[in-house]
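Everything below belongs to structure-v9.cif, which stores mmCIF, C-alpha atoms.
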data_data
#
loop_
_atom_site.label_atom_id
_atom_site.label_comp_id
_atom_site.auth_asym_id
_atom_site.auth_seq_id
_atom_site.Cartn_x
_atom_site.Cartn_y
_atom_site.Cartn_z
CA MET A 750 53.32 61.28 -132.08
CA LEU A 751 54.37 63.65 -134.81
CA THR A 752 57.04 62.53 -137.23
CA LEU A 753 58.85 64.11 -140.16
CA ASN A 754 56.62 62.18 -142.53
CA HIS A 755 53.54 64.07 -141.37
CA PHE A 756 55.03 67.37 -142.47
CA LEU A 757 56.48 66.01 -145.71
CA VAL A 758 53.13 64.54 -146.74
CA LEU A 759 51.32 67.74 -145.77
CA GLY A 760 53.77 69.73 -147.88
CA ALA A 761 53.34 67.36 -150.82
CA VAL A 762 49.53 67.54 -150.70
CA LEU A 763 49.59 71.32 -150.45
CA PHE A 764 52.12 71.55 -153.32
CA CYS A 765 49.86 69.49 -155.58
CA ILE A 766 46.82 71.62 -154.77
CA GLY A 767 48.84 74.73 -155.61
CA LEU A 768 50.15 73.16 -158.80
CA TYR A 769 46.59 72.37 -159.88
CA GLY A 770 45.62 75.98 -159.24
CA ALA A 771 48.63 77.23 -161.19
CA ILE A 772 48.05 75.15 -164.33
CA ALA A 773 44.26 74.82 -164.48
CA LYS A 774 43.12 78.40 -163.90
CA ARG A 775 42.34 81.07 -166.47
CA ASN A 776 42.60 84.15 -164.33
CA ALA A 777 46.24 85.23 -164.02
CA ILE A 778 45.74 86.24 -160.39
CA ALA A 779 44.39 82.76 -159.60
CA VAL A 780 47.57 81.33 -161.15
CA LEU A 781 49.58 83.58 -158.84
CA MET A 782 47.58 82.38 -155.82
CA GLY A 783 48.40 78.78 -156.78
CA ILE A 784 52.09 79.68 -156.91
CA GLU A 785 51.88 81.25 -153.45
CA ILE A 786 50.35 78.01 -152.09
CA MET A 787 53.21 76.04 -153.68
CA LEU A 788 55.80 78.29 -152.03
CA ASN A 789 54.10 77.79 -148.66
CA ALA A 790 54.22 74.02 -149.15
CA ILE A 791 57.97 74.26 -149.77
CA ASN A 792 58.36 76.33 -146.60
CA ILE A 793 56.53 73.71 -144.54
CA THR A 794 58.88 71.03 -145.90
CA MET A 795 61.98 73.14 -145.19
CA ILE A 796 60.99 73.96 -141.62
CA GLY A 797 60.02 70.34 -141.04
CA PHE A 798 63.53 69.26 -142.03
CA SER A 799 64.91 71.95 -139.74
CA PHE A 800 62.85 70.73 -136.77
CA PHE A 801 63.67 67.02 -136.97
CA ASN A 802 67.37 66.23 -136.65
CA GLN A 803 67.46 63.70 -139.44
CA VAL A 804 69.92 65.79 -141.50
CA LYS A 805 72.33 67.40 -139.02
CA PRO A 806 73.32 70.74 -140.66
CA TYR A 807 69.71 71.54 -141.51
CA SER A 808 68.79 71.64 -137.85
CA THR A 809 71.97 72.68 -136.00
CA TYR A 810 72.49 75.76 -138.18
CA LEU A 811 68.76 76.30 -138.78
CA THR A 812 69.43 76.01 -142.51
CA GLY A 813 65.82 75.11 -143.21
CA GLN A 814 64.46 78.15 -141.42
CA ILE A 815 66.95 80.55 -143.04
CA PHE A 816 66.05 79.13 -146.44
CA ALA A 817 62.37 79.65 -145.66
CA ILE A 818 63.09 83.31 -144.88
CA PHE A 819 64.76 83.74 -148.28
CA ILE A 820 61.85 81.98 -149.98
CA ILE A 821 59.42 84.40 -148.30
CA THR A 822 61.56 87.35 -149.49
CA VAL A 823 61.63 86.15 -153.07
CA ALA A 824 57.91 85.35 -152.96
CA ALA A 825 57.09 88.89 -151.87
CA ALA A 826 59.22 90.33 -154.69
CA GLU A 827 57.65 87.92 -157.17
CA ALA A 828 54.11 88.82 -156.09
CA ALA A 829 54.81 92.56 -156.44
CA VAL A 830 56.30 92.25 -159.94
CA ALA A 831 53.70 89.75 -161.16
CA LEU A 832 50.76 91.84 -159.99
CA ALA A 833 52.26 94.96 -161.58
CA MET A 834 52.58 93.03 -164.84
CA ILE A 835 48.99 91.77 -164.60
CA ILE A 836 47.70 95.31 -164.03
CA ALA A 837 49.79 96.66 -166.93
CA ILE A 838 48.46 93.92 -169.24
CA TYR A 839 44.90 94.57 -168.09
CA ARG A 840 45.31 98.24 -168.94
CA LYS A 841 46.40 97.42 -172.50
CA ARG A 842 44.23 94.39 -173.30
CA SER A 843 41.28 94.62 -170.82
CA THR A 844 41.66 90.97 -169.89
CA VAL A 845 43.54 88.87 -167.36
CA ASP A 846 42.78 85.53 -169.05
CA VAL A 847 46.11 83.78 -169.54
CA GLY A 848 44.71 82.04 -172.63
CA GLU A 849 44.00 85.34 -174.37
CA ILE A 850 47.32 86.98 -173.57
CA ASP A 851 49.26 85.62 -176.56
CA MET A 852 51.17 88.60 -177.91
CA MET A 853 54.41 86.59 -177.91
CA LYS A 854 52.90 83.66 -179.84
CA TRP A 855 54.32 83.24 -183.36
CA MET B 1328 47.50 61.08 -129.38
CA ASP B 1329 49.29 63.89 -127.60
CA LEU B 1330 48.38 67.56 -127.74
CA ALA B 1331 50.84 68.42 -130.52
CA SER B 1332 49.32 65.78 -132.79
CA VAL B 1333 45.79 67.04 -132.16
CA ILE B 1334 46.85 70.60 -132.97
CA PHE B 1335 48.72 69.41 -136.04
CA TRP B 1336 45.69 67.58 -137.39
CA ILE B 1337 43.39 70.53 -136.78
CA PHE B 1338 45.79 72.88 -138.58
CA ALA B 1339 46.47 70.40 -141.40
CA VAL B 1340 42.80 69.69 -142.11
CA ILE B 1341 41.86 73.38 -142.17
CA LEU B 1342 44.96 74.12 -144.29
CA VAL B 1343 44.19 71.53 -146.97
CA ALA B 1344 40.47 72.32 -146.96
CA SER B 1345 41.01 76.05 -147.46
CA ALA B 1346 43.68 75.38 -150.11
CA LEU B 1347 41.09 73.29 -151.95
CA MET B 1348 38.66 76.17 -151.58
CA VAL B 1349 41.20 78.52 -153.17
CA VAL B 1350 41.35 76.38 -156.31
CA THR B 1351 37.66 75.42 -156.50
CA LEU B 1352 35.58 78.44 -155.48
CA ARG B 1353 33.81 80.23 -158.33
CA ASN B 1354 34.24 83.78 -157.11
CA ILE B 1355 37.87 84.80 -157.12
CA VAL B 1356 37.46 87.23 -154.23
CA HIS B 1357 36.31 84.30 -152.08
CA SER B 1358 39.41 82.41 -153.25
CA ALA B 1359 41.60 85.29 -152.11
CA LEU B 1360 39.88 85.28 -148.71
CA ALA B 1361 40.42 81.53 -148.39
CA LEU B 1362 44.08 82.19 -149.19
CA ILE B 1363 44.32 84.23 -145.95
CA ILE B 1364 43.21 81.13 -144.00
CA VAL B 1365 45.85 79.05 -145.82
CA PHE B 1366 48.58 81.49 -144.77
CA ALA B 1367 47.37 81.75 -141.17
CA MET B 1368 47.18 77.96 -140.77
CA ALA B 1369 50.67 77.59 -142.26
CA ALA B 1370 51.87 80.02 -139.59
CA GLY B 1371 50.29 77.73 -136.98
CA ILE B 1372 52.22 74.78 -138.44
CA TYR B 1373 55.45 76.81 -138.15
CA VAL B 1374 54.79 77.54 -134.47
CA LEU B 1375 54.31 73.81 -133.98
CA LEU B 1376 57.78 73.32 -135.51
CA ASN B 1377 59.55 75.75 -133.11
CA ALA B 1378 59.91 78.42 -135.83
CA GLU B 1379 58.28 81.39 -134.10
CA PHE B 1380 60.12 84.01 -136.12
CA ILE B 1381 59.00 82.57 -139.44
CA ALA B 1382 55.44 82.25 -138.15
CA ILE B 1383 55.38 85.97 -137.33
CA VAL B 1384 56.97 86.86 -140.67
CA GLN B 1385 54.41 84.65 -142.39
CA ILE B 1386 51.52 86.50 -140.75
CA LEU B 1387 53.07 89.91 -141.51
CA ILE B 1388 54.16 89.37 -145.11
CA TYR B 1389 51.80 86.74 -146.48
CA ALA B 1390 48.56 87.22 -144.56
CA GLY B 1391 49.14 90.97 -144.45
CA ALA B 1392 50.99 92.29 -147.45
CA VAL B 1393 50.64 89.69 -150.21
CA THR B 1394 46.91 89.20 -149.65
CA ILE B 1395 46.30 92.94 -149.71
CA LEU B 1396 48.31 93.14 -152.96
CA ILE B 1397 46.21 90.35 -154.47
CA LEU B 1398 42.93 91.94 -153.35
CA PHE B 1399 43.99 95.30 -154.82
CA ALA B 1400 44.94 93.63 -158.10
CA LEU B 1401 41.54 91.90 -158.16
CA MET B 1402 39.85 95.23 -157.57
CA LEU B 1403 41.80 96.91 -160.40
CA THR B 1404 41.24 94.10 -162.92
CA ARG B 1405 37.55 93.50 -162.33
CA ILE B 1406 35.56 92.38 -165.38
CA SER B 1407 31.88 93.12 -164.85
CA GLY B 1408 29.00 90.88 -165.86
CA GLN B 1409 30.67 87.51 -165.31
CA PRO B 1410 29.06 85.07 -162.88
CA ARG B 1411 32.20 82.93 -162.61
CA THR B 1412 35.25 85.07 -162.09
CA ASN B 1413 37.58 82.12 -161.37
CA PRO B 1414 37.08 79.73 -164.31
CA ASN B 1415 39.07 76.63 -165.19
CA ASN B 1416 40.65 76.27 -168.60
CA LYS B 1417 39.92 73.45 -171.03
CA LEU B 1418 42.69 71.18 -169.80
CA TRP B 1419 41.73 71.07 -166.12
CA GLY B 1420 41.09 67.33 -166.23
CA ILE B 1421 44.60 66.61 -167.47
CA ALA B 1422 45.92 69.03 -164.85
CA LEU B 1423 44.05 67.08 -162.17
CA ILE B 1424 45.58 63.80 -163.36
CA ILE B 1425 49.09 65.28 -163.49
CA CYS B 1426 48.76 66.74 -159.99
CA ALA B 1427 47.40 63.49 -158.55
CA LEU B 1428 50.26 61.50 -160.12
CA LEU B 1429 52.87 63.97 -158.88
CA GLY B 1430 51.37 63.90 -155.39
CA ALA B 1431 51.33 60.11 -155.33
CA ALA B 1432 54.98 60.02 -156.47
CA VAL B 1433 56.13 62.55 -153.88
CA ILE B 1434 54.24 60.86 -151.05
CA TYR B 1435 55.68 57.49 -152.10
CA ALA B 1436 59.18 59.00 -152.10
CA ALA B 1437 58.61 60.61 -148.71
CA THR B 1438 57.58 57.30 -147.18
CA ALA B 1439 60.25 55.18 -148.91
CA SER B 1440 63.34 57.38 -148.60
CA GLU B 1441 65.55 56.74 -145.59
CA ARG B 1442 66.28 60.46 -145.32
CA ALA B 1443 62.60 61.06 -144.70
CA ILE B 1444 61.82 58.15 -142.43
CA ALA B 1445 60.10 59.23 -139.27
CA THR B 1446 62.35 60.61 -136.56
CA THR B 1447 61.29 61.83 -133.19
CA GLY B 1448 64.23 64.14 -132.58
CA ASN B 1449 63.83 67.84 -132.08
CA GLY B 1450 66.75 69.40 -133.92
CA SER B 1451 66.00 73.09 -133.80
CA GLY B 1452 64.80 72.79 -130.21
CA GLN B 1453 68.36 71.99 -129.06
CA LEU B 1454 69.53 75.58 -128.80
CA PRO B 1455 71.77 76.75 -125.91
CA ASP B 1456 70.15 78.26 -122.84
CA GLY B 1457 69.11 81.90 -123.19
CA ILE B 1458 69.18 81.75 -126.99
CA ASN B 1459 65.79 81.50 -128.58
CA ASN B 1460 64.82 81.07 -132.20
CA VAL B 1461 64.82 84.77 -133.05
CA VAL B 1462 68.25 85.38 -131.49
CA ARG B 1463 69.72 82.40 -133.35
CA ILE B 1464 68.32 83.53 -136.70
CA GLY B 1465 69.66 87.04 -136.05
CA GLN B 1466 73.12 85.65 -135.32
CA LEU B 1467 73.08 83.53 -138.45
CA LEU B 1468 71.82 86.36 -140.69
CA TYR B 1469 73.90 89.30 -139.46
CA SER B 1470 77.12 88.24 -137.71
CA PRO B 1471 80.02 87.54 -140.12
CA THR B 1472 81.24 84.34 -138.51
CA THR B 1473 82.36 81.17 -140.23
CA TYR B 1474 78.85 79.87 -140.79
CA SER B 1475 76.50 82.71 -141.46
CA TYR B 1476 74.31 84.08 -144.21
CA VAL B 1477 75.47 87.71 -144.43
CA LEU B 1478 76.16 87.73 -148.16
CA PRO B 1479 72.86 86.01 -149.16
CA PHE B 1480 71.05 88.43 -146.88
CA GLU B 1481 72.57 91.44 -148.67
CA ILE B 1482 71.80 89.92 -152.06
CA ALA B 1483 68.20 89.40 -150.93
CA SER B 1484 67.92 93.08 -150.03
CA LEU B 1485 69.18 93.97 -153.52
CA VAL B 1486 66.61 91.60 -155.05
CA LEU B 1487 63.83 93.33 -153.09
CA LEU B 1488 65.02 96.77 -154.19
CA VAL B 1489 65.16 95.77 -157.85
CA ALA B 1490 61.74 94.10 -157.61
CA ILE B 1491 60.09 97.16 -156.07
CA VAL B 1492 61.63 99.55 -158.62
CA GLY B 1493 60.64 97.13 -161.41
CA ALA B 1494 57.08 96.88 -160.11
CA ILE B 1495 56.76 100.68 -160.07
CA ILE B 1496 58.15 101.01 -163.60
CA ILE B 1497 56.02 98.19 -165.02
CA GLY B 1498 52.84 99.30 -163.30
CA ARG B 1499 52.91 103.05 -163.93
CA GLU B 1500 50.68 104.76 -166.46
CA ASP B 1501 52.39 105.76 -169.68
#
Rewritten as structure tokens:
Amino acid sequence: MLTLNHFLVLGAVLFCIGLYGAIAKRNAIAVLMGIEIMLNAINITMIGFSFFNQVKPYSTYLTGQIFAIFIITVAAAEAAVALAMIIAIYRKRSTVDVGEIDMMKW
Amino acid sequence: MDLASVIFWIFAVILVASALMVVTLRNIVHSALALIIVFAMAAGIYVLLNAEFIAIVQILIYAGAVTILILFALMLTRISGQPRTNPNNKLWGIALIICALLGAAVIYAATASERAIATTGNGSGQLPDGINNVVRIGQLLYSPTTYSYVLPFEIASLVLLVAIVGAIIIGRED
């Protein structure tokens, strides 16, 4: 029997894996992949809340699913801008290591 | 265990395993390929939750567009002569501890909160006859009724436009 808890715990586990990828990786594109995994974990949580009628407006008006659509939109925009920035930085500095990109450091 | 549970466990195990592969594999191109499996399995979870439209959008945008973008960026930023193209930084141990603590806290909250206590109801399955998930989302996104998302939808289109123009301007050659 599936319950809301299954999906919440799955989302939490996936979010932590993505967070580890986002803060422990050197390659900027790997950081971006971690962020994408985190956004997917949030979507699973949102749609889980929309499926189970524990919180009424989330499921009757499909609030969770609509919110997931907006998250996907913003994630696509974020991926496009971030990858353009990574490519621009690579062209100037010949590296994508987030530890070596410190132009803004005092 | 009913069929939905079996399918959920299959999807969940593959999802978490391939997410772990994304953060642990040494070659970053392999990580990007494992990311496709993550997105596809998440789409399977959405189908399980009666969200067909979002599952299709997930396949189209994430497994299609975002992965292609990431693979192209990997191709354009390739640094030759490195055996490990996806290295950890010096603080990965602390990162592991932080993530484990955060995960434990969130899972504890999800099991202790009364808002998250297991329910068996099927909220988004209770749609009127003849109205499926896609029709309902279309009504909520486009029709200007009392409870709809027309204005956020238009703002989202503006965000996409600005992001695409910004990506072109940032990424072009000087």
**Report entry** Of the listed residues A:Ile820, A:Ala826, A:Met795, A:Met853, that which approaches chain B most closely, counting all atoms listed in the file
**Finding:**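 Closest to chain B of all the choices is A:Ala826.
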Query raised in the report: Care to translate the PyMOL selection byres ((chain A) within 7 of (chain B)) into actual residues of this file, as JSON, numbers by chain?
Result: {"A": [750, 751, 752, 753, 754, 757, 758, 761, 762, 763, 765, 766, 768, 769, 770, 772, 773, 774, 775, 776, 796, 797, 799, 800, 801, 802, 803, 808, 809, 811, 818, 825, 826, 828, 829, 830, 832, 833, 834, 836, 837, 839]}
Running the PyMOL selection byres ((chain A and resi 849) around 12) on this model by hand, what would come out? Give it as a PDB file with C-alpha atoms, in the coordinates of the input.
ATOM      1  CA  ARG A 775      42.340  81.070-166.470  1.00  0.00           C
ATOM      2  CA  ASN A 776      42.600  84.150-164.330  1.00  0.00           C
ATOM      3  CA  ALA A 777      46.240  85.230-164.020  1.00  0.00           C
ATOM      4  CA  ILE A 838      48.460  93.920-169.240  1.00  0.00           C
ATOM      5  CA  TYR A 839      44.900  94.570-168.090  1.00  0.00           C
ATOM      6  CA  ARG A 842      44.230  94.390-173.300  1.00  0.00           C
ATOM      7  CA  SER A 843      41.280  94.620-170.820  1.00  0.00           C
ATOM      8  CA  THR A 844      41.660  90.970-169.890  1.00  0.00           C
ATOM      9  CA  VAL A 845      43.540  88.870-167.360  1.00  0.00           C
ATOM     10  CA  ASP A 846      42.780  85.530-169.050  1.00  0.00           C
ATOM     11  CA  VAL A 847      46.110  83.780-169.540  1.00  0.00           C
ATOM     12  CA  GLY A 848      44.710  82.040-172.630  1.00  0.00           C
ATOM     13  CA  ILE A 850      47.320  86.980-173.570  1.00  0.00           C
ATOM     14  CA  ASP A 851      49.260  85.620-176.560  1.00  0.00           C
ATOM     15  CA  MET A 852      51.170  88.600-177.910  1.00  0.00           C
ATOM     16  CA  MET A 853      54.410  86.590-177.910  1.00  0.00           C
ATOM     17  CA  LYS A 854      52.900  83.660-179.840  1.00  0.00           C
TER      18      LYS A 854
ATOM     19  CA  ASN B1416      40.650  76.270-168.600  1.00  0.00           C
TER      20      ASN B1416
END
**Report entry** Separation of CA of Gln814 in chain A from CA of Tyr1469 in chain B in Å
**Finding:**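 About the pair CA of Tyr1469 in chain B and CA of Gln814 in chain A: they are 14.7 Å apart.
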Requested in this report: Mind giving me the straight-line distance from CA of Ala817 in chain A to CA of Ile793 in chain A in Å, one decimal?
Outcome: 8.4 Å
Query raised in the report: By how many Å are CA of Ala1439 in chain B and CA of Phe764 in chain A apart?
Result: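 These two atoms are separated by 18.8 Å.
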